[in-house]
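> Take a look at this one; I'll ask things after.
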Amino acid sequence: MVGLPGPDLDESTRQLITDLGIHNFILFRRNVRDKDQLAGLTRDLHRLCLDMNLPAPLIAIDHEGGAVCRLPDSFTRIPSAMELASQPRPEEEISRYASVAAMELGEVGINMNLAPVLDVCPRGKGFFMEDRSFGGEPARVTELGGIFIRESRKCGVIPCGKHFPGLGRAVLDPHKVLPVISRSEELIKSEDLLPFKAAAASGLPSFMTSHAVYEQLDPERPATLSPYILQDLLRKWLGFEGLLVSDDLEMGAIEGERTVAQAAVEAFRAGVDLLLICEDHEKVRASWQAFSRISDSLLMTRVRESLERQRRAFAM
């Protein structure tokens, strides 16, 4: 899943589609002028993928609310998760805003929202995710996140719960550096994973991985690159069968330790289905070339599995 440099379907993105078969896209503020332009851009992406006999594209955006909103003022302003959870009747507010957000995204051809945040994040502790989280009580995050998921799906937009297995205890920002979370596996399973477990049981179509090291789970690798976290914990223990999306592989937490191409291969082998590279198309091409040099029947099996999970995401 790749980003575009501007508000129009540019030549570099065209080449990624026609030459490499890329057919999933993430949009940012740089891609949006107004509703008509955005609807035209998503139509162009759909049309070119169709012309190239590629699968229907996932066109995603981060539309959590608050500071994480890529859309201009012509769209409804969505409050942050913390603001919504603090309302006298948060269930009603989240239901209303999630419905409005999904309807507005659908109107302009965006079919996937990289939200809600399911991280359990205690208030007032200096944790990075505080404003983006529904709170520090696992049951409450489960309930409120579930409302957001239900309303998004009802309106035809694919939600993506994040950041597995929980980024709520991170102090450092993974956009810049690699956070390390020291928390027992018992507490992670009994508290941090409760919203993810409930979402998986409800049939949530997709999760996003966390770029943090969990010392008690895998002290060597961030979750995005960890077979234990993504396969043993997510697929086997949690029973999740949906689409697994990486957080942006260009973030400092990942690229500070290895190249994006190396991370892409490592993440895919670990269990990620959809690799997110948000900005630099040369890094997309380098990642594609890294995969093209691999001769591995198991890797091709994983490719088929991931494409099938992407196909199923549209129907979940």
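Numbering starts fresh at 1 for the residues of each chain in the structure tokens, the chains themselves are lettered A, B, ... in the order given, and ligands are numbered from 1 as they appear.
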Would you return as a PyMOL selection string the members of range 51-285 of chain A that DSSP assigns to strand (DSSP E) on this structure's backbone?

chain A and resi 58-61+63-65+68-69+112-113+158-164+180-181+206-209+213-214+218-222+243-245

> Range 50-86 of chain A: which residues are helix (DSSP H, G or I) by DSSP, as a list of chain:residue names?

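DSSP-assigned helix (DSSP H, G or I) residues in range 50-86 of chain A: A:Leu50, A:Asp51, A:Ala81, A:Met82, A:Glu83, A:Leu84, A:Ala85.
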
> So that I have them on file, write out the residues from the current selection with N, CA, C and O atoms, as a compact mmCIF listing (two decimals), in the first residue's frame.


# COMPACT_ATOMS: atom_id res chain seq x y z
N LEU A 50 -8.47 -1.32 -12.75
CA LEU A 50 -9.39 -2.15 -13.53
C LEU A 50 -8.85 -2.37 -14.94
O LEU A 50 -8.86 -3.49 -15.46
N ASP A 51 -8.33 -1.32 -15.55
CA ASP A 51 -7.77 -1.44 -16.90
C ASP A 51 -6.59 -2.41 -16.94
O ASP A 51 -6.36 -3.06 -17.96
N ALA A 81 -10.21 10.63 19.99
CA ALA A 81 -10.77 9.55 20.80
C ALA A 81 -10.89 9.97 22.25
O ALA A 81 -11.89 9.65 22.92
N MET A 82 -9.91 10.67 22.77
CA MET A 82 -9.96 11.11 24.17
C MET A 82 -11.12 12.08 24.38
O MET A 82 -11.84 11.98 25.38
N GLU A 83 -11.32 13.03 23.45
CA GLU A 83 -12.45 13.96 23.55
C GLU A 83 -13.78 13.21 23.53
O GLU A 83 -14.68 13.48 24.33
N LEU A 84 -13.90 12.26 22.60
CA LEU A 84 -15.16 11.53 22.47
C LEU A 84 -15.45 10.71 23.73
O LEU A 84 -16.58 10.67 24.22
N ALA A 85 -14.42 10.05 24.25
CA ALA A 85 -14.60 9.22 25.44
C ALA A 85 -14.95 10.05 26.67
O ALA A 85 -15.50 9.51 27.64

> With distances taken over only C-alpha atoms, which of A:His281, A:Arg221, A:His23, A:Arg183 is nearest to Pro57 in chain A?

A:His23

> Report as a Markdown table: every residue of range 228-249 of chain A with an atom at most 12 Å from range 184-205 of chain A, its closest pair of atoms, and their distance in Å to one decimal, counting only C-alpha atoms, with rows sorted by chain and ascending residue number.


| residue | atom | partner | partner_atom | distance |
| --- | --- | --- | --- | --- |
| A:Ile229 | CA | A:Glu185 | CA | 10.7 |
| A:Leu233 | CA | A:Lys189 | CA | 9.1 |
| A:Leu234 | CA | A:Lys197 | CA | 8.9 |
| A:Arg235 | CA | A:Ala200 | CA | 10.0 |
| A:Lys236 | CA | A:Lys197 | CA | 11.7 |
| A:Trp237 | CA | A:Lys197 | CA | 9.4 |
| A:Leu238 | CA | A:Lys197 | CA | 6.0 |
| A:Gly239 | CA | A:Ala200 | CA | 7.4 |
| A:Phe240 | CA | A:Ala200 | CA | 5.5 |
| A:Glu241 | CA | A:Ala200 | CA | 8.0 |
| A:Gly242 | CA | A:Pro205 | CA | 5.1 |
| A:Leu243 | CA | A:Pro205 | CA | 6.1 |
| A:Leu244 | CA | A:Pro205 | CA | 8.8 |
| A:Val245 | CA | A:Pro205 | CA | 10.6 |

> Emit the selected residues as a PDB file, in the first residue's frame, including N, CA, C and O atoms.


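Produced file result_37.pdb, reproduced below:
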ATOM      1  N   ILE A 229       4.850 -12.587  17.698  1.00  0.00           N
ATOM      2  CA  ILE A 229       3.723 -11.697  17.974  1.00  0.00           C
ATOM      3  C   ILE A 229       2.648 -11.810  16.897  1.00  0.00           C
ATOM      4  O   ILE A 229       1.448 -11.866  17.191  1.00  0.00           O
ATOM      5  N   LEU A 233       0.869 -15.225  18.560  1.00  0.00           N
ATOM      6  CA  LEU A 233      -0.043 -14.460  19.411  1.00  0.00           C
ATOM      7  C   LEU A 233      -1.298 -14.035  18.648  1.00  0.00           C
ATOM      8  O   LEU A 233      -2.419 -14.260  19.120  1.00  0.00           O
ATOM      9  N   LEU A 234      -1.127 -13.442  17.474  1.00  0.00           N
ATOM     10  CA  LEU A 234      -2.281 -12.903  16.743  1.00  0.00           C
ATOM     11  C   LEU A 234      -3.073 -13.990  16.023  1.00  0.00           C
ATOM     12  O   LEU A 234      -4.285 -14.105  16.186  1.00  0.00           O
ATOM     13  N   ARG A 235      -2.399 -14.787  15.215  1.00  0.00           N
ATOM     14  CA  ARG A 235      -3.110 -15.770  14.402  1.00  0.00           C
ATOM     15  C   ARG A 235      -3.577 -16.973  15.239  1.00  0.00           C
ATOM     16  O   ARG A 235      -4.723 -17.404  15.108  1.00  0.00           O
ATOM     17  N   LYS A 236      -2.699 -17.490  16.083  1.00  0.00           N
ATOM     18  CA  LYS A 236      -3.030 -18.722  16.811  1.00  0.00           C
ATOM     19  C   LYS A 236      -3.778 -18.442  18.114  1.00  0.00           C
ATOM     20  O   LYS A 236      -4.886 -18.941  18.320  1.00  0.00           O
ATOM     21  N   TRP A 237      -3.173 -17.657  19.005  1.00  0.00           N
ATOM     22  CA  TRP A 237      -3.802 -17.428  20.309  1.00  0.00           C
ATOM     23  C   TRP A 237      -5.086 -16.612  20.180  1.00  0.00           C
ATOM     24  O   TRP A 237      -6.110 -16.935  20.780  1.00  0.00           O
ATOM     25  N   LEU A 238      -5.045 -15.536  19.355  1.00  0.00           N
ATOM     26  CA  LEU A 238      -6.215 -14.671  19.208  1.00  0.00           C
ATOM     27  C   LEU A 238      -7.193 -15.216  18.165  1.00  0.00           C
ATOM     28  O   LEU A 238      -8.375 -14.880  18.179  1.00  0.00           O
ATOM     29  N   GLY A 239      -6.691 -16.014  17.224  1.00  0.00           N
ATOM     30  CA  GLY A 239      -7.560 -16.586  16.199  1.00  0.00           C
ATOM     31  C   GLY A 239      -7.950 -15.613  15.103  1.00  0.00           C
ATOM     32  O   GLY A 239      -8.961 -15.807  14.411  1.00  0.00           O
ATOM     33  N   PHE A 240      -7.145 -14.577  14.891  1.00  0.00           N
ATOM     34  CA  PHE A 240      -7.468 -13.575  13.868  1.00  0.00           C
ATOM     35  C   PHE A 240      -7.159 -14.111  12.477  1.00  0.00           C
ATOM     36  O   PHE A 240      -6.061 -14.575  12.206  1.00  0.00           O
ATOM     37  N   GLU A 241      -8.141 -14.026  11.570  1.00  0.00           N
ATOM     38  CA  GLU A 241      -7.983 -14.540  10.214  1.00  0.00           C
ATOM     39  C   GLU A 241      -8.046 -13.444   9.162  1.00  0.00           C
ATOM     40  O   GLU A 241      -8.025 -13.725   7.967  1.00  0.00           O
ATOM     41  N   GLY A 242      -8.124 -12.188   9.599  1.00  0.00           N
ATOM     42  CA  GLY A 242      -8.278 -11.092   8.651  1.00  0.00           C
ATOM     43  C   GLY A 242      -6.967 -10.566   8.117  1.00  0.00           C
ATOM     44  O   GLY A 242      -5.908 -11.194   8.221  1.00  0.00           O
ATOM     45  N   LEU A 243      -7.044  -9.377   7.520  1.00  0.00           N
ATOM     46  CA  LEU A 243      -5.927  -8.732   6.845  1.00  0.00           C
ATOM     47  C   LEU A 243      -5.052  -8.001   7.856  1.00  0.00           C
ATOM     48  O   LEU A 243      -5.554  -7.218   8.669  1.00  0.00           O
ATOM     49  N   LEU A 244      -3.748  -8.242   7.795  1.00  0.00           N
ATOM     50  CA  LEU A 244      -2.807  -7.599   8.712  1.00  0.00           C
ATOM     51  C   LEU A 244      -1.976  -6.570   7.947  1.00  0.00           C
ATOM     52  O   LEU A 244      -1.254  -6.913   7.004  1.00  0.00           O
ATOM     53  N   VAL A 245      -2.084  -5.314   8.352  1.00  0.00           N
ATOM     54  CA  VAL A 245      -1.425  -4.185   7.694  1.00  0.00           C
ATOM     55  C   VAL A 245      -0.287  -3.697   8.576  1.00  0.00           C
ATOM     56  O   VAL A 245      -0.452  -3.550   9.788  1.00  0.00           O
TER      57      VAL A 245
END

> I'd like the contact shell of Ser206 in chain A - 12 Å cut-off, only C-alpha atoms, skipping same-chain residues fewer than 3 positions apart - returned as an MDAnalysis selection string.

chainID A and resid 58 60 112:116 149 153 157:164 196 199:203 209 234 240:246 272:274 306 309:316

> Could you give me, as a list in words, the residues within 8 Å of Gly145 in chain A, counting only C-alpha atoms and dropping anything in the same chain fewer than 2 positions from it?

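With the cut-off at 8 Å, the set is Pro116, Val117, Leu118, Phe134, Val141, Thr142, Glu143, Ile147, Phe148, Ile149 and Pro195 of chain A.
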
> Would you mind reading off the distance between CA of Val120 in chain A and CA of Ile181 in chain A, one decimal, in Å?

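The value is 13.1 Å.
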
> Can you write out as a Markdown table which residues of range 214-282 of chain A fall within 8 Å of range 172-178 of chain A, alongside each residue's closest atom pair and its distance in Å to one decimal, counting only C-alpha atoms and ordering rows by chain and ascending residue number?


| residue | atom | partner | partner_atom | distance |
| --- | --- | --- | --- | --- |
| A:Pro222 | CA | A:Leu178 | CA | 8.0 |
| A:Met251 | CA | A:His175 | CA | 4.7 |
| A:Gly252 | CA | A:Lys176 | CA | 4.3 |
| A:Ala253 | CA | A:Leu178 | CA | 3.9 |
| A:Ile254 | CA | A:Leu178 | CA | 7.1 |
| A:Gly256 | CA | A:Val177 | CA | 7.2 |

> Compare A:Arg140, A:Lys125, A:Lys35, A:His46 by their minimum atom-to-atom distance to Glu107 in chain A, counting only C-alpha atoms, and give me the closest one.

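Among the listed residues, the smallest separation from Glu107 in chain A belongs to A:Lys35.
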
> Near Lys283 in chain A, within 12 Å and counting only C-alpha atoms, which residues show up once chain neighbours fewer than 3 positions away are dropped, as a list in words?

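Final neighbour list, sorted by chain and number: Val2, Gly3, Leu16, Asp248, Leu249, Glu250, Glu255, Thr259, Val260, Ala261, Gln262, Ala263, Ala264, Leu275, Leu276, Ile277, Cys278, Glu279, Asp280, Ala286, Ser287, Trp288, Gln289 and Ala290 of chain A.
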
> Next, the residues of the selection above should be written as a short mmCIF file (atom, residue, chain, number, x, y, z; two decimals), in the first residue's frame with N, CA, C and O atoms.


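The file below, again_0.cif, is the result:
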data_model
loop_
_atom_site.label_atom_id
_atom_site.label_comp_id
_atom_site.auth_asym_id
_atom_site.auth_seq_id
_atom_site.Cartn_x
_atom_site.Cartn_y
_atom_site.Cartn_z
N VAL A 2 0.69 2.10 -0.98
CA VAL A 2 1.65 3.20 -1.20
C VAL A 2 0.94 4.55 -1.16
O VAL A 2 -0.25 4.66 -1.44
N GLY A 3 1.72 5.57 -0.84
CA GLY A 3 1.24 6.94 -0.89
C GLY A 3 1.46 7.56 -2.25
O GLY A 3 2.23 7.05 -3.07
N LEU A 16 3.88 2.55 -10.95
CA LEU A 16 3.77 1.53 -9.91
C LEU A 16 2.61 0.59 -10.19
O LEU A 16 2.69 -0.62 -9.95
N ASP A 248 3.47 2.37 8.81
CA ASP A 248 4.37 2.86 7.76
C ASP A 248 5.80 2.39 8.00
O ASP A 248 6.39 2.66 9.05
N LEU A 249 6.36 1.71 7.01
CA LEU A 249 7.72 1.18 7.13
C LEU A 249 8.79 2.27 7.01
O LEU A 249 9.97 2.01 7.24
N GLU A 250 8.38 3.49 6.67
CA GLU A 250 9.33 4.60 6.61
C GLU A 250 9.46 5.33 7.96
O GLU A 250 10.24 6.28 8.06
N GLU A 255 12.91 2.33 10.01
CA GLU A 255 13.98 2.70 9.08
C GLU A 255 15.25 3.11 9.81
O GLU A 255 16.34 3.09 9.22
N THR A 259 16.92 -0.90 6.18
CA THR A 259 16.30 -0.24 5.04
C THR A 259 14.83 -0.64 4.96
O THR A 259 14.40 -1.66 5.52
N VAL A 260 14.06 0.17 4.26
CA VAL A 260 12.65 -0.16 4.06
C VAL A 260 12.50 -1.48 3.32
O VAL A 260 11.63 -2.29 3.65
N ALA A 261 13.33 -1.71 2.33
CA ALA A 261 13.26 -2.97 1.57
C ALA A 261 13.52 -4.17 2.47
O ALA A 261 12.82 -5.19 2.40
N GLN A 262 14.53 -4.08 3.33
CA GLN A 262 14.80 -5.17 4.28
C GLN A 262 13.62 -5.36 5.22
O GLN A 262 13.22 -6.50 5.50
N ALA A 263 13.08 -4.27 5.70
CA ALA A 263 11.94 -4.35 6.62
C ALA A 263 10.72 -4.95 5.94
O ALA A 263 9.97 -5.73 6.55
N ALA A 264 10.51 -4.61 4.67
CA ALA A 264 9.35 -5.14 3.95
C ALA A 264 9.41 -6.66 3.86
O ALA A 264 8.42 -7.35 4.14
N LEU A 275 1.95 -4.21 3.13
CA LEU A 275 3.11 -3.42 3.55
C LEU A 275 2.90 -1.96 3.21
O LEU A 275 2.71 -1.60 2.04
N LEU A 276 2.96 -1.12 4.21
CA LEU A 276 2.64 0.30 4.05
C LEU A 276 3.92 1.10 3.86
O LEU A 276 4.77 1.15 4.74
N ILE A 277 4.05 1.73 2.67
CA ILE A 277 5.18 2.62 2.37
C ILE A 277 4.55 3.93 1.89
O ILE A 277 4.04 4.01 0.77
N CYS A 278 4.58 4.94 2.72
CA CYS A 278 3.69 6.09 2.55
C CYS A 278 4.21 7.20 1.65
O CYS A 278 3.41 8.05 1.23
N GLU A 279 5.51 7.25 1.36
CA GLU A 279 5.99 8.46 0.69
C GLU A 279 6.92 8.19 -0.48
O GLU A 279 6.62 8.61 -1.61
N ASP A 280 8.03 7.55 -0.28
CA ASP A 280 9.11 7.49 -1.26
C ASP A 280 8.91 6.33 -2.22
O ASP A 280 9.06 5.16 -1.85
N ALA A 286 12.45 -0.42 -4.58
CA ALA A 286 13.52 -1.21 -3.98
C ALA A 286 12.94 -2.41 -3.23
O ALA A 286 13.50 -3.51 -3.25
N SER A 287 11.79 -2.22 -2.57
CA SER A 287 11.15 -3.33 -1.85
C SER A 287 10.64 -4.37 -2.84
O SER A 287 10.79 -5.58 -2.62
N TRP A 288 10.03 -3.92 -3.92
CA TRP A 288 9.55 -4.85 -4.95
C TRP A 288 10.72 -5.66 -5.52
O TRP A 288 10.62 -6.88 -5.72
N GLN A 289 11.83 -4.99 -5.77
CA GLN A 289 13.02 -5.70 -6.30
C GLN A 289 13.56 -6.70 -5.30
O GLN A 289 14.00 -7.80 -5.67
N ALA A 290 13.51 -6.36 -4.00
CA ALA A 290 13.98 -7.29 -2.98
C ALA A 290 13.14 -8.56 -2.98
O ALA A 290 13.67 -9.68 -2.86
#

> So how far away is CA of Gly168 in chain A from CA of Ile59 in chain A, in Å?

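These atoms are spaced 26.6 Å apart.
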
> For a quick check of understanding, using only C-alpha atoms, which of A:Gly126, A:Ile110, A:Glu93, A:Arg302 has the smallest distance to Arg43 in chain A?

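So, comparing all the options, the nearest one is A:Ile110.
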
> Would you mind telling me which residue in A:Pro7, A:Arg77, A:Ile294, A:Arg285 lies nearest to Asp19 in chain A when using only C-alpha atoms?

A:Arg285

> How far is it from CA of Val108 in chain A to CA of Leu38 in chain A, in Å with one decimal?

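According to the coordinates, CA of Val108 in chain A and CA of Leu38 in chain A are separated by 6.1 Å.
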
> Taking 4 positions as the minimum chain separation for residues in the same chain, which residues sit within 8 Å of range 100-103 of chain A when counting only C-alpha atoms? Answer as number ranges by chain.

A: 63, 76, 78, 96, 107, 113, 151-152, 155-157

> Taking C-alpha atoms for each residue, export the selection above as an mmCIF file, in the first residue's frame.


data_model
loop_
_atom_site.group_PDB
_atom_site.id
_atom_site.type_symbol
_atom_site.label_atom_id
_atom_site.label_comp_id
_atom_site.auth_asym_id
_atom_site.auth_seq_id
_atom_site.Cartn_x
_atom_site.Cartn_y
_atom_site.Cartn_z
ATOM 1 C CA HIS A 63 -9.317 9.340 9.823
ATOM 2 C CA THR A 76 -16.953 17.065 9.282
ATOM 3 C CA ILE A 78 -14.133 14.456 14.169
ATOM 4 C CA ARG A 96 -22.721 9.447 15.328
ATOM 5 C CA GLU A 107 -18.816 9.498 -0.915
ATOM 6 C CA ASN A 113 -10.225 3.819 7.379
ATOM 7 C CA GLU A 151 -20.746 1.937 12.480
ATOM 8 C CA SER A 152 -17.888 1.998 9.968
ATOM 9 C CA CYS A 155 -21.637 2.316 6.197
ATOM 10 C CA GLY A 156 -19.440 0.149 3.946
ATOM 11 C CA VAL A 157 -15.991 1.373 5.017
#

> Using only C-alpha atoms, which residue out of A:Asp34, A:Asn53, A:Ala39, A:Leu71 lies closest to Ile17 in chain A?

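Answer, going by the shortest atom-to-atom distance: A:Asn53.
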